[in-house]
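*Asks:* Below is coords_18.pdb; it holds PDB, C-alpha atoms and all ligand atoms.
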ATOM      1  CA  MET A   1     -36.688   8.242 -88.137  1.00  0.00           C
ATOM      2  CA  GLY A   2     -33.641   7.743 -86.013  1.00  0.00           C
ATOM      3  CA  THR A   3     -33.693   7.612 -82.262  1.00  0.00           C
ATOM      4  CA  ALA A   4     -31.263  10.512 -81.977  1.00  0.00           C
ATOM      5  CA  GLY A   5     -34.480  12.478 -81.954  1.00  0.00           C
ATOM      6  CA  ILE A   6     -37.883  11.676 -80.684  1.00  0.00           C
ATOM      7  CA  ALA A   7     -38.093   8.109 -79.503  1.00  0.00           C
ATOM      8  CA  ARG A   8     -41.600   7.485 -80.734  1.00  0.00           C
ATOM      9  CA  GLY A   9     -41.862   9.628 -83.831  1.00  0.00           C
ATOM     10  CA  GLY A  10     -42.157  13.359 -84.287  1.00  0.00           C
ATOM     11  CA  PRO A  11     -40.707  16.308 -86.117  1.00  0.00           C
ATOM     12  CA  THR A  12     -37.113  16.821 -87.120  1.00  0.00           C
ATOM     13  CA  THR A  13     -35.578  20.179 -86.354  1.00  0.00           C
ATOM     14  CA  ALA A  14     -33.062  22.144 -88.365  1.00  0.00           C
ATOM     15  CA  ARG A  15     -30.286  20.933 -86.063  1.00  0.00           C
ATOM     16  CA  GLY A  16     -31.453  17.349 -86.377  1.00  0.00           C
ATOM     17  CA  PRO A  17     -34.215  15.596 -84.539  1.00  0.00           C
ATOM     18  CA  ALA A  18     -35.631  17.264 -81.447  1.00  0.00           C
ATOM     19  CA  VAL A  19     -36.152  15.265 -78.282  1.00  0.00           C
ATOM     20  CA  ALA A  20     -39.832  15.342 -77.501  1.00  0.00           C
ATOM     21  CA  GLY A  21     -40.190  14.837 -73.775  1.00  0.00           C
ATOM     22  CA  TRP A  22     -38.079  17.608 -72.353  1.00  0.00           C
ATOM     23  CA  ALA A  23     -38.680  20.130 -75.106  1.00  0.00           C
ATOM     24  CA  CYS A  24     -42.427  19.754 -74.697  1.00  0.00           C
ATOM     25  CA  ALA A  25     -42.266  20.047 -70.954  1.00  0.00           C
ATOM     26  CA  VAL A  26     -39.881  22.970 -70.762  1.00  0.00           C
ATOM     27  CA  GLY A  27     -40.401  25.211 -73.695  1.00  0.00           C
ATOM     28  CA  ARG A  28     -43.051  24.409 -76.201  1.00  0.00           C
ATOM     29  CA  ARG A  29     -43.622  27.378 -78.495  1.00  0.00           C
ATOM     30  CA  ARG A  30     -46.551  29.320 -77.064  1.00  0.00           C
ATOM     31  CA  GLY A  31     -49.862  28.175 -78.461  1.00  0.00           C
ATOM     32  CA  SER A  32     -48.224  25.322 -80.358  1.00  0.00           C
ATOM     33  CA  ARG A  33     -48.508  21.609 -79.747  1.00  0.00           C
ATOM     34  CA  GLU A  34     -45.223  21.011 -81.589  1.00  0.00           C
ATOM     35  CA  PRO A  35     -42.268  20.131 -79.386  1.00  0.00           C
ATOM     36  CA  GLY A  36     -39.366  22.585 -79.474  1.00  0.00           C
ATOM     37  CA  PRO A  37     -37.593  24.733 -80.355  1.00  0.00           C
ATOM     38  CA  PHE A  38     -37.484  26.109 -76.865  1.00  0.00           C
ATOM     39  CA  ARG A  39     -35.809  29.193 -75.499  1.00  0.00           C
ATOM     40  CA  THR A  40     -32.889  29.053 -73.174  1.00  0.00           C
ATOM     41  CA  GLY A  41     -31.703  31.583 -70.662  1.00  0.00           C
ATOM     42  CA  VAL A  42     -33.674  34.250 -68.893  1.00  0.00           C
ATOM     43  CA  ARG A  43     -33.164  36.758 -71.683  1.00  0.00           C
ATOM     44  CA  LYS A  44     -34.967  34.403 -74.045  1.00  0.00           C
ATOM     45  CA  GLU A  45     -32.757  35.335 -76.982  1.00  0.00           C
ATOM     46  CA  LYS A  46     -31.243  32.042 -77.878  1.00  0.00           C
ATOM     47  CA  TRP A  47     -33.050  29.071 -79.374  1.00  0.00           C
ATOM     48  CA  THR A  48     -31.554  25.680 -79.125  1.00  0.00           C
ATOM     49  CA  PHE A  49     -32.539  22.029 -79.388  1.00  0.00           C
ATOM     50  CA  LEU A  50     -32.023  18.986 -77.325  1.00  0.00           C
ATOM     51  CA  GLU A  51     -29.969  16.377 -79.102  1.00  0.00           C
ATOM     52  CA  ARG A  52     -29.184  12.766 -78.456  1.00  0.00           C
ATOM     53  CA  THR A  53     -25.820  11.219 -79.169  1.00  0.00           C
ATOM     54  CA  LEU A  54     -24.310   7.756 -79.025  1.00  0.00           C
ATOM     55  CA  VAL A  55     -21.349   7.307 -76.701  1.00  0.00           C
ATOM     56  CA  LEU A  56     -19.265   4.149 -76.487  1.00  0.00           C
ATOM     57  CA  VAL A  57     -16.729   3.423 -73.806  1.00  0.00           C
ATOM     58  CA  LYS A  58     -14.492   1.391 -76.091  1.00  0.00           C
ATOM     59  CA  PRO A  59     -12.928  -1.950 -75.083  1.00  0.00           C
ATOM     60  CA  ASP A  60      -9.795  -0.253 -73.701  1.00  0.00           C
ATOM     61  CA  GLY A  61     -11.945   1.953 -71.466  1.00  0.00           C
ATOM     62  CA  VAL A  62     -13.883  -1.014 -70.095  1.00  0.00           C
ATOM     63  CA  GLN A  63     -10.685  -3.033 -69.542  1.00  0.00           C
ATOM     64  CA  ARG A  64      -8.988  -0.097 -67.820  1.00  0.00           C
ATOM     65  CA  GLY A  65     -11.904   0.407 -65.466  1.00  0.00           C
ATOM     66  CA  LEU A  66     -12.719   3.852 -66.821  1.00  0.00           C
ATOM     67  CA  CYS A  67     -16.481   3.458 -67.386  1.00  0.00           C
ATOM     68  CA  GLY A  68     -17.286   5.264 -64.163  1.00  0.00           C
ATOM     69  CA  GLU A  69     -14.793   8.032 -64.927  1.00  0.00           C
ATOM     70  CA  ILE A  70     -16.276   8.675 -68.368  1.00  0.00           C
ATOM     71  CA  VAL A  71     -19.905   8.404 -67.231  1.00  0.00           C
ATOM     72  CA  GLY A  72     -19.087  10.714 -64.319  1.00  0.00           C
ATOM     73  CA  ARG A  73     -17.595  13.354 -66.584  1.00  0.00           C
ATOM     74  CA  LEU A  74     -20.674  13.363 -68.822  1.00  0.00           C
ATOM     75  CA  GLU A  75     -22.972  13.509 -65.787  1.00  0.00           C
ATOM     76  CA  ARG A  76     -20.999  16.356 -64.247  1.00  0.00           C
ATOM     77  CA  LYS A  77     -21.162  18.199 -67.567  1.00  0.00           C
ATOM     78  CA  GLY A  78     -24.939  18.223 -67.073  1.00  0.00           C
ATOM     79  CA  LEU A  79     -25.913  15.784 -69.810  1.00  0.00           C
ATOM     80  CA  ARG A  80     -28.605  13.218 -69.118  1.00  0.00           C
ATOM     81  CA  LEU A  81     -28.098   9.471 -69.561  1.00  0.00           C
ATOM     82  CA  CYS A  82     -31.122   7.961 -71.270  1.00  0.00           C
ATOM     83  CA  ALA A  83     -29.937   4.481 -72.339  1.00  0.00           C
ATOM     84  CA  ALA A  84     -27.051   2.159 -71.502  1.00  0.00           C
ATOM     85  CA  LYS A  85     -25.976  -1.406 -72.150  1.00  0.00           C
ATOM     86  CA  LEU A  86     -22.799  -3.477 -71.983  1.00  0.00           C
ATOM     87  CA  LEU A  87     -22.193  -5.629 -75.040  1.00  0.00           C
ATOM     88  CA  GLN A  88     -19.384  -7.090 -77.103  1.00  0.00           C
ATOM     89  CA  PRO A  89     -19.947  -5.881 -80.670  1.00  0.00           C
ATOM     90  CA  GLY A  90     -19.813  -8.482 -83.408  1.00  0.00           C
ATOM     91  CA  ARG A  91     -18.048  -7.809 -86.676  1.00  0.00           C
ATOM     92  CA  GLU A  92     -21.243  -6.852 -88.508  1.00  0.00           C
ATOM     93  CA  LEU A  93     -22.256  -4.266 -85.898  1.00  0.00           C
ATOM     94  CA  ALA A  94     -18.719  -2.838 -85.733  1.00  0.00           C
ATOM     95  CA  GLU A  95     -18.452  -2.567 -89.514  1.00  0.00           C
ATOM     96  CA  ARG A  96     -21.850  -0.873 -89.783  1.00  0.00           C
ATOM     97  CA  HIS A  97     -20.991   1.512 -86.970  1.00  0.00           C
ATOM     98  CA  TYR A  98     -17.701   2.581 -88.572  1.00  0.00           C
ATOM     99  CA  ALA A  99     -18.934   2.201 -92.182  1.00  0.00           C
ATOM    100  CA  PRO A 100     -17.952   5.794 -93.097  1.00  0.00           C
ATOM    101  CA  HIS A 101     -14.315   4.746 -92.518  1.00  0.00           C
ATOM    102  CA  ARG A 102     -14.556   1.566 -94.592  1.00  0.00           C
ATOM    103  CA  GLU A 103     -11.945   2.707 -97.137  1.00  0.00           C
ATOM    104  CA  ARG A 104      -9.464   4.042 -94.584  1.00  0.00           C
ATOM    105  CA  PRO A 105      -6.224   2.122 -93.992  1.00  0.00           C
ATOM    106  CA  PHE A 106      -6.918   1.854 -90.260  1.00  0.00           C
ATOM    107  CA  PHE A 107     -10.364   0.271 -90.778  1.00  0.00           C
ATOM    108  CA  PRO A 108      -9.371  -3.410 -90.273  1.00  0.00           C
ATOM    109  CA  GLY A 109      -7.528  -2.572 -87.055  1.00  0.00           C
ATOM    110  CA  LEU A 110     -10.406  -0.425 -85.865  1.00  0.00           C
ATOM    111  CA  ILE A 111     -12.886  -3.282 -86.358  1.00  0.00           C
ATOM    112  CA  ALA A 112     -10.566  -5.782 -84.679  1.00  0.00           C
ATOM    113  CA  PHE A 113     -10.233  -3.421 -81.736  1.00  0.00           C
ATOM    114  CA  LEU A 114     -13.935  -2.628 -81.351  1.00  0.00           C
ATOM    115  CA  THR A 115     -14.841  -6.323 -81.390  1.00  0.00           C
ATOM    116  CA  SER A 116     -12.060  -7.315 -78.982  1.00  0.00           C
ATOM    117  CA  GLY A 117     -14.068  -6.928 -75.782  1.00  0.00           C
ATOM    118  CA  PRO A 118     -17.163  -5.422 -74.203  1.00  0.00           C
ATOM    119  CA  VAL A 119     -18.116  -1.815 -74.794  1.00  0.00           C
ATOM    120  CA  LEU A 120     -20.454   0.333 -72.735  1.00  0.00           C
ATOM    121  CA  ALA A 121     -22.957   1.785 -75.201  1.00  0.00           C
ATOM    122  CA  MET A 122     -24.969   4.788 -74.069  1.00  0.00           C
ATOM    123  CA  VAL A 123     -27.291   7.468 -75.304  1.00  0.00           C
ATOM    124  CA  TRP A 124     -26.810  10.903 -73.743  1.00  0.00           C
ATOM    125  CA  GLU A 125     -29.017  13.882 -74.298  1.00  0.00           C
ATOM    126  CA  GLY A 126     -28.934  17.604 -73.713  1.00  0.00           C
ATOM    127  CA  PRO A 127     -28.677  20.890 -75.579  1.00  0.00           C
ATOM    128  CA  ARG A 128     -26.123  20.445 -78.358  1.00  0.00           C
ATOM    129  CA  ALA A 129     -25.199  17.118 -76.789  1.00  0.00           C
ATOM    130  CA  ILE A 130     -23.270  15.967 -79.866  1.00  0.00           C
ATOM    131  CA  GLU A 131     -20.727  18.777 -79.662  1.00  0.00           C
ATOM    132  CA  GLN A 132     -20.726  18.768 -75.859  1.00  0.00           C
ATOM    133  CA  VAL A 133     -19.717  15.106 -75.770  1.00  0.00           C
ATOM    134  CA  ARG A 134     -17.012  15.662 -78.401  1.00  0.00           C
ATOM    135  CA  LEU A 135     -15.601  18.432 -76.211  1.00  0.00           C
ATOM    136  CA  VAL A 136     -15.505  16.162 -73.161  1.00  0.00           C
ATOM    137  CA  MET A 137     -13.851  13.412 -75.268  1.00  0.00           C
ATOM    138  CA  GLY A 138     -11.156  15.577 -76.845  1.00  0.00           C
ATOM    139  CA  ALA A 139      -9.602  15.264 -80.304  1.00  0.00           C
ATOM    140  CA  THR A 140      -9.160  11.847 -81.923  1.00  0.00           C
ATOM    141  CA  ASP A 141      -5.394  11.809 -81.394  1.00  0.00           C
ATOM    142  CA  PRO A 142      -4.650  12.037 -77.658  1.00  0.00           C
ATOM    143  CA  LEU A 143      -1.544  14.104 -78.486  1.00  0.00           C
ATOM    144  CA  LYS A 144      -3.825  16.777 -79.939  1.00  0.00           C
ATOM    145  CA  ALA A 145      -6.627  16.450 -77.391  1.00  0.00           C
ATOM    146  CA  ALA A 146      -7.144  19.213 -74.840  1.00  0.00           C
ATOM    147  CA  PRO A 147      -5.371  18.374 -71.581  1.00  0.00           C
ATOM    148  CA  GLY A 148      -8.521  18.144 -69.473  1.00  0.00           C
ATOM    149  CA  SER A 149     -10.437  15.982 -71.926  1.00  0.00           C
ATOM    150  CA  VAL A 150     -10.888  12.216 -71.597  1.00  0.00           C
ATOM    151  CA  ARG A 151      -8.434  11.493 -74.393  1.00  0.00           C
ATOM    152  CA  GLY A 152      -6.074  14.320 -73.452  1.00  0.00           C
ATOM    153  CA  GLU A 153      -5.851  13.193 -69.867  1.00  0.00           C
ATOM    154  CA  LEU A 154      -6.302   9.432 -69.986  1.00  0.00           C
ATOM    155  CA  ALA A 155      -5.205   8.118 -73.410  1.00  0.00           C
ATOM    156  CA  LEU A 156      -1.918   7.762 -75.292  1.00  0.00           C
ATOM    157  CA  ASP A 157      -2.800   6.111 -78.566  1.00  0.00           C
ATOM    158  CA  VAL A 158      -4.981   7.239 -81.491  1.00  0.00           C
ATOM    159  CA  GLY A 159      -6.324   3.733 -81.942  1.00  0.00           C
ATOM    160  CA  GLN A 160      -7.031   3.093 -78.278  1.00  0.00           C
ATOM    161  CA  ASN A 161      -8.604   6.398 -77.422  1.00  0.00           C
ATOM    162  CA  LEU A 162     -11.170   5.143 -74.912  1.00  0.00           C
ATOM    163  CA  VAL A 163     -14.381   6.663 -76.147  1.00  0.00           C
ATOM    164  CA  HIS A 164     -16.600   7.215 -79.158  1.00  0.00           C
ATOM    165  CA  GLY A 165     -19.083  10.028 -79.674  1.00  0.00           C
ATOM    166  CA  SER A 166     -21.267  10.642 -82.708  1.00  0.00           C
ATOM    167  CA  ASP A 167     -19.937  13.438 -84.930  1.00  0.00           C
ATOM    168  CA  GLY A 168     -23.216  14.942 -86.200  1.00  0.00           C
ATOM    169  CA  PRO A 169     -27.012  14.659 -86.104  1.00  0.00           C
ATOM    170  CA  GLU A 170     -27.209  12.160 -88.960  1.00  0.00           C
ATOM    171  CA  SER A 171     -24.516   9.888 -87.571  1.00  0.00           C
ATOM    172  CA  ALA A 172     -26.077  10.130 -84.101  1.00  0.00           C
ATOM    173  CA  ALA A 173     -29.442   8.969 -85.448  1.00  0.00           C
ATOM    174  CA  ARG A 174     -27.839   6.164 -87.427  1.00  0.00           C
ATOM    175  CA  GLU A 175     -25.604   4.977 -84.608  1.00  0.00           C
ATOM    176  CA  ILE A 176     -28.299   5.099 -81.910  1.00  0.00           C
ATOM    177  CA  ASP A 177     -30.498   2.958 -84.153  1.00  0.00           C
ATOM    178  CA  LEU A 178     -27.660   0.461 -84.526  1.00  0.00           C
ATOM    179  CA  PHE A 179     -27.189  -0.021 -80.797  1.00  0.00           C
ATOM    180  CA  PHE A 180     -30.639   0.594 -79.282  1.00  0.00           C
ATOM    181  CA  ARG A 181     -34.262  -0.185 -79.947  1.00  0.00           C
ATOM    182  CA  PRO A 182     -36.541   2.833 -79.435  1.00  0.00           C
ATOM    183  CA  ASP A 183     -38.073   1.259 -76.315  1.00  0.00           C
ATOM    184  CA  GLU A 184     -34.617   0.989 -74.711  1.00  0.00           C
ATOM    185  CA  ILE A 185     -34.309   4.778 -74.612  1.00  0.00           C
ATOM    186  CA  VAL A 186     -35.872   6.166 -71.463  1.00  0.00           C
ATOM    187  CA  PRO A 187     -37.221   9.708 -71.578  1.00  0.00           C
ATOM    188  CA  TYR A 188     -37.325  11.422 -68.192  1.00  0.00           C
ATOM    189  CA  GLN A 189     -36.552  14.726 -66.592  1.00  0.00           C
ATOM    190  CA  ARG A 190     -34.459  15.798 -63.652  1.00  0.00           C
ATOM    191  CA  ASP A 191     -34.891  18.947 -61.652  1.00  0.00           C
ATOM    192  CA  LEU A 192     -31.235  19.743 -62.262  1.00  0.00           C
ATOM    193  CA  ASP A 193     -31.894  19.993 -66.002  1.00  0.00           C
ATOM    194  CA  ARG A 194     -33.404  23.409 -65.303  1.00  0.00           C
ATOM    195  CA  TRP A 195     -30.104  24.459 -63.760  1.00  0.00           C
ATOM    196  CA  ALA A 196     -27.588  22.620 -65.924  1.00  0.00           C
ATOM    197  CA  GLN A 197     -29.161  22.764 -69.352  1.00  0.00           C
ATOM    198  CA  GLY A 198     -29.978  26.426 -69.717  1.00  0.00           C
ATOM    199  CA  ALA A 199     -33.726  26.082 -69.412  1.00  0.00           C
ATOM    200  CA  PHE A 200     -34.340  27.970 -66.164  1.00  0.00           C
TER     201      PHE A 200
HETATM  202  P1  LIG B 301     -14.772   7.997 -82.812  1.00  0.00           P
HETATM  203  O1  LIG B 301     -15.528   7.898 -84.120  1.00  0.00           O
HETATM  204  O2  LIG B 301     -14.270   6.668 -82.332  1.00  0.00           O
HETATM  205  O3  LIG B 301     -15.550   8.737 -81.803  1.00  0.00           O
HETATM  206  O4  LIG B 301     -13.445   8.859 -83.050  1.00  0.00           O
HETATM  207  P2  LIG B 301     -13.327  10.245 -83.814  1.00  0.00           P
HETATM  208  O5  LIG B 301     -14.652  10.673 -84.344  1.00  0.00           O
HETATM  209  O6  LIG B 301     -12.592  11.175 -82.931  1.00  0.00           O
HETATM  210  O7  LIG B 301     -12.363   9.859 -85.013  1.00  0.00           O
HETATM  211  P3  LIG B 301     -12.727   9.239 -86.438  1.00  0.00           P
HETATM  212  O8  LIG B 301     -12.055  10.030 -87.487  1.00  0.00           O
HETATM  213  O9  LIG B 301     -14.194   9.008 -86.560  1.00  0.00           O
HETATM  214  O10 LIG B 301     -11.991   7.826 -86.379  1.00  0.00           O
HETATM  215  C1  LIG B 301     -12.595   6.716 -85.773  1.00  0.00           C
HETATM  216  C2  LIG B 301     -11.574   5.990 -84.961  1.00  0.00           C
HETATM  217  O11 LIG B 301     -10.630   5.401 -85.843  1.00  0.00           O
HETATM  218  C3  LIG B 301      -9.371   5.365 -85.203  1.00  0.00           C
HETATM  219  N1  LIG B 301      -8.402   6.073 -86.022  1.00  0.00           N
HETATM  220  N2  LIG B 301      -7.201   5.634 -86.198  1.00  0.00           N
HETATM  221  N3  LIG B 301      -4.549   5.357 -87.100  1.00  0.00           N
HETATM  222  C4  LIG B 301      -5.227   6.438 -87.431  1.00  0.00           C
HETATM  223  O12 LIG B 301      -4.756   7.323 -88.073  1.00  0.00           O
HETATM  224  C5  LIG B 301      -6.618   6.530 -86.978  1.00  0.00           C
HETATM  225  N4  LIG B 301      -7.422   7.498 -87.272  1.00  0.00           N
HETATM  226  C6  LIG B 301      -8.587   7.214 -86.662  1.00  0.00           C
HETATM  227  C7  LIG B 301      -9.506   6.038 -83.870  1.00  0.00           C
HETATM  228  O13 LIG B 301      -9.691   5.040 -82.876  1.00  0.00           O
HETATM  229  C8  LIG B 301     -10.757   6.853 -84.015  1.00  0.00           C
HETATM  230  O14 LIG B 301     -11.376   7.069 -82.767  1.00  0.00           O
HETATM  231 MG    MG B 302     -15.880   9.409 -85.478  1.00  0.00          MG
END
What does this structure look like when you write it as C-alpha cells?

*Replies:*
Amino acid sequence: MGTAGIARGGPTTARGPAVAGWACAVGRRRGSREPGPFRTGVRKEKWTFLERTLVLVKPDGVQRGLCGEIVGRLERKGLRLCAAKLLQPGRELAERHYAPHRERPFFPGLIAFLTSGPVLAMVWEGPRAIEQVRLVMGATDPLKAAPGSVRGELALDVGQNLVHGSDGPESAAREIDLFFRPDEIVPYQRDLDRWAQGAF
C-alpha cells in the first residue's frame, strides 16, 4: 500500500490510509488494537483521520528562496513534517508524477519546468492534511488563489505557482511512493499535536 498511510503496512480507512503512529497513540477505538479512527474535540462527536500528503516546493520556489516561507506556513498551520529531501527530478519521475495530465496541452511545459532545477519534496501529515495543504497553497491560478495563500500572495503565473500538493488520498499515496521509500518517512509525535490537531 502507499505511504500516504501507514508506513509499514496496516489498514486503509474510508478517507484513505490512516497513519498508524499518532492514531494509535492518541485515539485508538476503545478495546480495539486497530489504529484509528480517533475522536477529535472534547465533545467527542467528530471522527477524523490523519492523512499524509506530498508537497513539493517547485523549482521556482527553491530559486526564489521561498522554501522556508512555505515550510513555515505549513508548520504554523499545525501540520507535522515527516519526510523531506532536496532533489532535481529527472524526466521519468516528473512524467510519472504528473501522469494524470499527460494529455493536457501544458504537459510538456510542466515537465520541462519541474525538471529545470531542484525541488524540495516533503511529506506532511495531520487531520485532513490533503485539503489543509491545498488551502494553504491556494488555487492553481494565482489570480484565483485566496489572497493569503502561498499562490495568492507570492505567485503570478499559473505555470510557476511555487508549490505542489496532492489532490486526494489516492494521488497522495501514489506520489509519496514516487518520491520516498517507506523508511524515509519518520513517524513521531509532538506535544503540540494535542493542541493543534484537535486531539486534546
Ligand atoms: P499541482 O498539481 O502542481 O499541485 O497543481 P494543482 O493541483 O493546483 O493543478 P493541476 O490541475 O494539478 O495542474 C498541475 C500544474 O500544471 C500547471 N498548469 N498549467 N497553463 C495551464 O493552463 C496550466 N494548468 C495547470 C500548473 O503549474 C499546475 O500547478
Ligand atoms: Mg494537481

*Asks:* Residues within 8 Å of ligand LIG 301 (chain B) should be enumerated using all atoms listed in the file and returned as a list in words.

*Replies:*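 Result of the 8 Å neighbour search around ligand LIG 301 (chain B): Val55, Leu56, Tyr98, His101, Pro105, Phe106, Phe107, Leu110, Arg134, Gly138, Ala139, Thr140, Asp141, Val158, Gly159, Gln160, Asn161, Val163, His164, Gly165, Ser166 and Asp167 of chain A.
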
*Asks:* What separation in Å, quoted to one decimal, exists between CA of Ala173 in chain A and CA of Pro100 in chain A?

*Replies:*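 CA of Pro100 in chain A lies 14.2 Å from CA of Ala173 in chain A.
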
*Asks:* Go ahead and compute the interatomic distance for CA of Val136 in chain A and CA of Gly148 in chain A, in Å to one decimal.

*Replies:* 8.1 Å

*Asks:* Calculated over only C-alpha atoms, which of the candidates A:Gly117, A:Leu162, A:Asp157, A:Ile130 has the smallest distance to Pro89 in chain A?

*Replies:*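 Checking each candidate against Pro89 in chain A, we get A:Gly117 as the closest.
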
*Asks:* For ligand MG 302 (chain B), which of A:Arg174, A:Arg194, A:Arg128, A:His97 is the closest residue, counting all atoms listed in the file?

*Replies:*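 Using all atoms listed in the file, ligand MG 302 (chain B) sits closest to A:His97.
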
*Asks:* Provide the CA of Lys77 in chain A to CA of Leu50 in chain A distance in Å, to one decimal place.

*Replies:*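 Between these atoms lies a distance of 14.6 Å.
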
*Asks:* In terms of the shortest atom-to-atom distance over all atoms listed in the file, which of A:Asp191, A:Asp183, A:Val133, A:Ser149 is closest to ligand MG 302 (chain B)?

*Replies:*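 Nearest candidate to ligand MG 302 (chain B) out of A:Asp191, A:Asp183, A:Val133, A:Ser149: A:Val133.
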
*Asks:* Here's the selection I'm unsure about, the PyMOL selection byres (((chain A and resi 81) around 8) and not hetatm); applied to the file above, which residues does it give, as a compact mmCIF listing (two decimals) with C-alpha atoms, in the coordinates of the input?

*Replies:*
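Dumped everything to selection00.txt:
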# COMPACT_ATOMS: atom_id res chain seq x y z
CA GLU A 75 -22.97 13.51 -65.79
CA LEU A 79 -25.91 15.78 -69.81
CA ARG A 80 -28.60 13.22 -69.12
CA CYS A 82 -31.12 7.96 -71.27
CA ALA A 83 -29.94 4.48 -72.34
CA ALA A 84 -27.05 2.16 -71.50
CA MET A 122 -24.97 4.79 -74.07
CA VAL A 123 -27.29 7.47 -75.30
CA TRP A 124 -26.81 10.90 -73.74
CA GLU A 125 -29.02 13.88 -74.30

*Asks:* I'd like the contact shell of Leu114 in chain A - 7 Å cut-off, all atoms listed in the file, skipping same-chain residues fewer than 2 positions apart - returned as a list in words.

*Replies:*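 Once the nearby chain positions are removed, what remains is Lys58, Pro59, Pro89, Ala94, Leu110, Ile111, Ala112 and Ser116 of chain A.
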
*Asks:* Range 151-164 of chain A, all listed atoms, 3 Å padding on each side: what axis-aligned box centre and edge lengths in Å to one decimal come out, as AutoDock Vina command-line options?

*Replies:*
--center_x -9.3 --center_y 8.7 --center_z -75.9 --size_x 20.7 --size_y 17.2 --size_z 18.1

*Asks:* Smallest atom-to-atom distance to ligand MG 302 (chain B): which of A:Gly68, A:Gly152, A:Gly61, A:Gly168, using all atoms listed in the file?

*Replies:* A:Gly168

*Asks:* Rank A:Leu93, A:Tyr188, A:Leu54, A:Pro147 by their smallest atom-to-atom distance to ligand MG 302 (chain B), using only C-alpha atoms and all ligand atoms, and report the top residue only.

*Replies:*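 Using only C-alpha atoms and all ligand atoms, ligand MG 302 (chain B) sits closest to A:Leu54.
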
*Asks:* How would range 112-169 of chain A of the given structure read as a file with C-alpha atoms, as a CSV table (one decimal), in the first residue's frame?

*Replies:*
chain,number,residue,atom,x,y,z
A,112,ALA,CA,10.3,21.0,-18.6
A,113,PHE,CA,9.6,23.2,-15.6
A,114,LEU,CA,9.6,20.5,-13.0
A,115,THR,CA,12.9,19.1,-14.2
A,116,SER,CA,14.6,22.5,-14.5
A,117,GLY,CA,16.1,22.7,-11.0
A,118,PRO,CA,15.9,21.3,-7.5
A,119,VAL,CA,12.6,20.8,-5.7
A,120,LEU,CA,12.1,20.3,-2.0
A,121,ALA,CA,10.0,17.2,-1.7
A,122,MET,CA,8.2,16.7,1.6
A,123,VAL,CA,5.6,14.5,3.3
A,124,TRP,CA,3.3,16.4,5.7
A,125,GLU,CA,0.7,14.8,8.0
A,126,GLY,CA,-2.2,15.8,10.1
A,127,PRO,CA,-6.0,15.6,10.2
A,128,ARG,CA,-7.3,16.1,6.6
A,129,ALA,CA,-3.8,17.1,5.6
A,130,ILE,CA,-4.5,16.9,1.9
A,131,GLU,CA,-7.2,19.5,2.0
A,132,GLN,CA,-5.4,21.6,4.6
A,133,VAL,CA,-2.3,21.8,2.4
A,134,ARG,CA,-4.4,22.7,-0.7
A,135,LEU,CA,-5.9,25.6,1.4
A,136,VAL,CA,-2.5,26.9,2.4
A,137,MET,CA,-1.4,26.7,-1.3
A,138,GLY,CA,-4.4,28.4,-2.9
A,139,ALA,CA,-6.0,27.7,-6.2
A,140,THR,CA,-3.8,26.6,-9.2
A,141,ASP,CA,-4.0,30.0,-10.9
A,142,PRO,CA,-2.5,32.7,-8.7
A,143,LEU,CA,-5.2,35.2,-10.0
A,144,LYS,CA,-7.9,33.0,-8.5
A,145,ALA,CA,-6.0,32.0,-5.3
A,146,ALA,CA,-7.1,33.4,-2.0
A,147,PRO,CA,-5.0,36.5,-1.1
A,148,GLY,CA,-3.4,35.0,2.0
A,149,SER,CA,-2.4,31.7,0.3
A,150,VAL,CA,1.0,30.9,-1.0
A,151,ARG,CA,0.0,31.3,-4.6
A,152,GLY,CA,-2.3,34.2,-3.9
A,153,GLU,CA,0.4,36.1,-2.1
A,154,LEU,CA,3.6,35.0,-3.7
A,155,ALA,CA,3.0,33.9,-7.3
A,156,LEU,CA,1.9,35.5,-10.5
A,157,ASP,CA,1.9,32.7,-13.1
A,158,VAL,CA,-0.2,29.5,-13.4
A,159,GLY,CA,2.8,27.6,-14.6
A,160,GLN,CA,5.2,28.9,-12.0
A,161,ASN,CA,3.0,28.6,-9.0
A,162,LEU,CA,5.6,27.6,-6.4
A,163,VAL,CA,4.1,24.6,-4.8
A,164,HIS,CA,2.5,21.2,-5.4
A,165,GLY,CA,0.2,19.4,-3.0
A,166,SER,CA,-1.5,16.0,-3.6
A,167,ASP,CA,-5.2,16.4,-4.6
A,168,GLY,CA,-6.7,13.3,-3.0
A,169,PRO,CA,-5.9,10.2,-0.9
